[in-house]
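> Got a structure for you, written out below as structure tokens; questions coming shortly.
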Amino acid sequence: MSIVTQSYPKTNLRRARSVFYRGFSLLALALVAGPAIWLVAGVVVEAVPHWQWSVLTTLSQGTSGGLENALLGTLVLMAGVLVLAGGVGVLTGIYLSELVRPRRNGAPGGGVLRIAVDVLSGFPSIVLGYVGYVALCVGLHWGYSLLAALIILSLMVVPYIAKSTESALRQVPTNYREGAEALGMPVGYALRRVVIKSALPGIVTGLLIALAVAGGETAPLLYTAGASNNLPTFAFLHQPISYLTYYVWTDYNQPTPQAHYVSYDAALILIVLVLLLLVSARLIVARTQRHAESTR
Amino acid sequence: MSVPYAVGEGYARKVMDEVSKSEVVPLGIDPVLANLDPDQGRPRQVITTEGLNLKFSETTILSGVTMGFDRGTITALIGPTGSGKSTFLRTLNRMNDKVFGFRHEGDVTLDGESIWAPQQDLLTIRRRVGMLFQRPNPFPMSIRDNVVAGAKAHGIARGKQLDVVAEMRLREVGLWDAVKDRLGDSPYRLSGGQQQLLCLARALAVGPEVLLLDEPTSALDPISTEAVESLLREMTPALTLIVVTHNLGQARRISDQTMFFFDGHLVEHGATAELFTSPRERDTDRYVNGLMG
């Protein structure tokens with residue numbers, strides 16, 4: 001018995017190592033969580049004391065007034081991106097994961113498309129925005145418009161969605177695919193009813209990040225959406241559209257305290273919007289995954 | 001809805017006696033029952049292989065397998081790991097077709113028709129030749145939806161009929177009483193043995209004629225194994241079963257025919273009792289007596 005209870009010669013070293021890695025992990029966590037908490041707290045502290053609910057129901061007058069037009073504009077943009085980029089991105093991901101023939105050495109195929117997706121994700125947003133301005137707003141005479149903004153925002157986030165969809169699909173256990181195959185399910189049917197269902201958390205997460213990015217983007221919108229103090233009109237062309245980040249950016253650079261309030265209000269609304277998005281996505285995922293293996 | 005195969009099971013046994021005497025399933029023993037028999041007028045051997053060679057790229061996995069599987073029997077495939085028996089099994093419902101580098105020479109027939117013939121519909125082959133895997137693999141959906149997943153995909157039943165299908169198949173595998181109050185639950189809350197029975201019910205729900213089983217009980221405890229084995233016995237002669245197993249005792253207990261694979265060859269096949277008691281080949285003798293494994 002004494003052999004078992006005696007401390008092993010290297011026990012102290014192991015303990016020290018364990019403490020080191022534990023500490024290191026905590027530090028990493030602090031480095032990620034700290035700025036996030038600091039940012040949110042900063043916005044809340046600045047915005048809440050002057051908060052008036054009327055901000056949500058009155059139109060902007062530039063450096064003062066409400067943010068109704070900007071909130072609705074951002075929501076319209078997000079919805080548009082969800083449809084446009086979500087559709088293209090998810091389908092691209094499905095294609096890359098399920099339909100492309102693997103290369104001879106067994107590596108995933110779809111070379112050109114894969115490279116195109118990677119290249120697209122590497123473009124700085126300001127470049128995309130300027131391309132949108134030159135090609136769409138000026139080149140096609142669309143002017144500052146909803147459609148130009150949607151196309152450029154979608155181009156920006158399609159790679160996120162495609163990548164996350166692809167990797168989520170690749171993580172679906174082979175068991176499920178083989179089971180579906182052995183039952184004689186058509187490929188598309190198995191994909192819809194079995195495979196995508198179990199990849200849904202990953203796909204939704206990708207969509208979510210894309211939406212958050214789209215909602216928080218400023219630079220490409222300055223070039224393509226323009227700015228507006230009016231409500232969105234659902235005209236796709238020739239109508240500039242308002243969005244929250246515009247007021248965060250321009251009003252913060254104004255000297256009046258009134259403008260600063262508007263700026264912080266816009267930031268707060270944006271943060272709450274993203275949080276709501278996160279929560280609702282979690283709920284959707286929980287609902288669809290109630291039969292999943294991991295939740296037993 | 002199609003007639004469940006359980007109808008006329010007693011009759012099927014009677015037919016089997018006749019089958020053993022003739023090449024073709026005979027007609028007209030009892031005209032009413034004969035019309036119910038889905039196998040009337042079909043060849044006696046439901047699946048045959050002729051000079052089947054299987055390769056992955058340049059590596060030959062299995063060569064020269066010529067074999068026939070009698071309708072309504074259980075055939076056990078035994079042999080050491082890497083002997084090619086699983087690859088052989090997965091070829092029978094074309095599960096290997098999509099595997100990279102897979103090639104075959106020779107032929108496999110289902111009811112006398114090549115499974116690779118251009119007029120053959122892959123999905124129909126897979127419906128007729130079902131499969132049960134080593135690890136239970138229920139889908140991430142409710143227990144009830146699992147049972148009817150295949151039946152729904154093939155349009156065998158819909159709406160309320162699906163509930164009937166679910167109950168019927170769950171009763172068949174003896175799972176109904178255990179799950180009838182939680183059909184909406186996740187299948188992963190069931191035990192491993194129950195999950196495998198659920199997968200069996202799911203495979204049966206599409207009305208297969210042949211069931212391929214790839215070590216169906218190797219992940220299960222002895223009691224679940226016994227439950228699955230007795231079920232398999234009950235499913236013949238209505239179904240034809242081909243079972244890969246590493247459990248020689250299981251092969252002896254449940255199978256009519258046994259095939260012994262070794263080193264990419266079908267070394268010997270024959271009636272199970274014979275193959276175990278008086279094997280013709282030295283390798284078979286050593287394997288079934290535990291001198292090699």
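Ordered as shown in the structure tokens, chains take letters A, B, and onward, while each chain numbers its residues from 1 and ligands are numbered from 1 in the order shown.
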Pick out the residues sitting within 8 Å of B:His246, and hand them over as a ChimeraX atom specification; count only C-alpha atoms, and ignore anything fewer than 3 positions along from it in its own chain.

/B:78-80,215,218

> Set the distance at 9 Å and use only C-alpha atoms: which residues neighbour stretch 102-119 of chain B once local chain neighbours fewer than 3 positions away are removed? I'd like the list as a PyMOL selection string.

chain B and resi 42-57+63-65+91-94+96-99+122+125+129

> Using 7 Å as the limit and counting only C-alpha atoms, can you tabulate each residue of chain B that touches chain A, with its shortest atom-to-atom distance in Å and the two atoms involved, as CSV?


```
residue,atom,partner,partner_atom,distance
B:Leu123,CA,A:Gly184,CA,4.4
B:Thr124,CA,A:Gly184,CA,6.7
B:Arg126,CA,A:Gly184,CA,4.6
B:Arg127,CA,A:Gly184,CA,5.3
B:Gly130,CA,A:Ala182,CA,6.2
B:Met131,CA,A:Ala182,CA,5.8
B:Asn137,CA,A:Asn175,CA,5.8
B:Phe139,CA,A:Tyr176,CA,6.1
B:Pro140,CA,A:Ala292,CA,4.7
B:Met141,CA,A:His291,CA,5.0
B:Ser142,CA,A:His291,CA,6.0
B:Gly150,CA,A:Leu183,CA,5.7
B:Ala153,CA,A:Met185,CA,5.8
B:Asp185,CA,A:His291,CA,6.9
B:Ser186,CA,A:His291,CA,4.3
B:Tyr188,CA,A:Arg296,CA,5.4
B:Arg189,CA,A:Arg296,CA,5.6
B:Ala203,CA,A:Leu183,CA,6.6
```

> I need the residue nearest B:Trp176 from this list: B:Gln194, B:Thr284, B:Thr59, B:Thr277. Use only C-alpha atoms for the distance.

B:Gln194

> Would you return as JSON, numbers by chain the members of stretch 71-129 of chain B that DSSP assigns to strand (DSSP E) on this structure's backbone?

{"B": [74, 75, 76, 77, 78, 102, 103, 104, 105, 106, 107, 108, 109, 110, 113, 114, 129]}

> When DSSP works through the backbone of this structure, what residues of stretch 69-288 of chain B end up as helix (DSSP H, G or I), shown as a VMD selection string?

chain B and resid 85 to 92 122 to 128 143 to 153 160 to 172 176 to 182 187 to 189 192 to 204 222 to 235 248 to 254 272 to 277 282 to 288

> So, counting only C-alpha atoms, which residue among B:Val148, B:Met259, B:Val32, B:Ile223 is closest to B:Val206?

B:Val148

> Pick from A:Thr218, A:Ser164, A:Ser121, A:Asn229: nearest to A:Gln61, with only C-alpha atoms counted?

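For A:Gln61, the nearest of the candidates is A:Asn229.
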
> Need the shell around A:Asp118: protein/DNA/RNA residues with any atom at most 9 Å away, counting only C-alpha atoms. Skip same-chain ones fewer than 5 positions apart. Format as a ChimeraX atom specification?

/A:113,159,163

> Which residues are close to A:Gly42, i.e. within 12 Å by only C-alpha atoms, leaving aside same-chain residues fewer than 4 positions away? Reply as a PyMOL selection string.

chain A and resi 34-38+46-48+264-265+267-268+271

> Expressed in Å to a single decimal, how great is the separation between atom CA of A:Val117 and atom CA of A:Thr205?

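Separation of atom CA of A:Val117 and atom CA of A:Thr205: 18.2 Å.
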
> Find, counting only C-alpha atoms, the residue in A:Val158, A:Leu222, A:Val83, A:Leu283 that gets nearest to A:Ala116.

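Smallest separation from A:Ala116 among the options: A:Val158.
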
> Counting only C-alpha atoms, figure out which residue out of A:Leu13, A:Val81, A:Val248, A:Ile196 gets nearest to A:Ala210.

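Under the stated criterion, the closest residue is A:Val81.
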
> Show which residues sit within 9 Å of A:Thr63, as a short mmCIF file (atom, residue, chain, number, x, y, z; two decimals) with C-alpha atoms, in the first residue's frame. Count only C-alpha atoms, and ignore same-chain residues fewer than 4 positions away.


```cif
data_model
loop_
_atom_site.label_atom_id
_atom_site.label_comp_id
_atom_site.auth_asym_id
_atom_site.auth_seq_id
_atom_site.Cartn_x
_atom_site.Cartn_y
_atom_site.Cartn_z
CA TYR A 247 -24.34 57.68 -36.71
CA THR A 250 -20.14 60.59 -37.89
CA ASP A 251 -21.80 61.85 -34.72
CA GLN A 254 -19.12 66.12 -33.90
CA THR A 256 -21.84 68.81 -29.49
CA GLN A 258 -26.12 65.98 -28.31
CA ALA A 259 -24.29 64.32 -31.19
CA HIS A 260 -22.27 62.17 -28.76
CA VAL A 262 -26.79 59.90 -30.56
CA SER A 263 -23.53 58.14 -31.29
#
```

> Quick one: distance from atom CA of B:Arg135 to atom CA of A:Ile203 in Å, one decimal?

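Interatomic distance, atom CA of B:Arg135 to atom CA of A:Ile203: 26.8 Å.
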
> Would you work out the distance separating atom CA of A:Leu155 from atom CA of A:Ile126, expressed in Å to one decimal?

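Pair atom CA of A:Leu155 / atom CA of A:Ile126 returns 12.4 Å.
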
> Using only C-alpha atoms, which protein or nucleic acid residues come within 6 Å of stretch 143-152 of chain A? Drop anything in the same chain fewer than 4 positions from it, and give the result as a ChimeraX atom specification.

/A:137,221,224-226,236-240
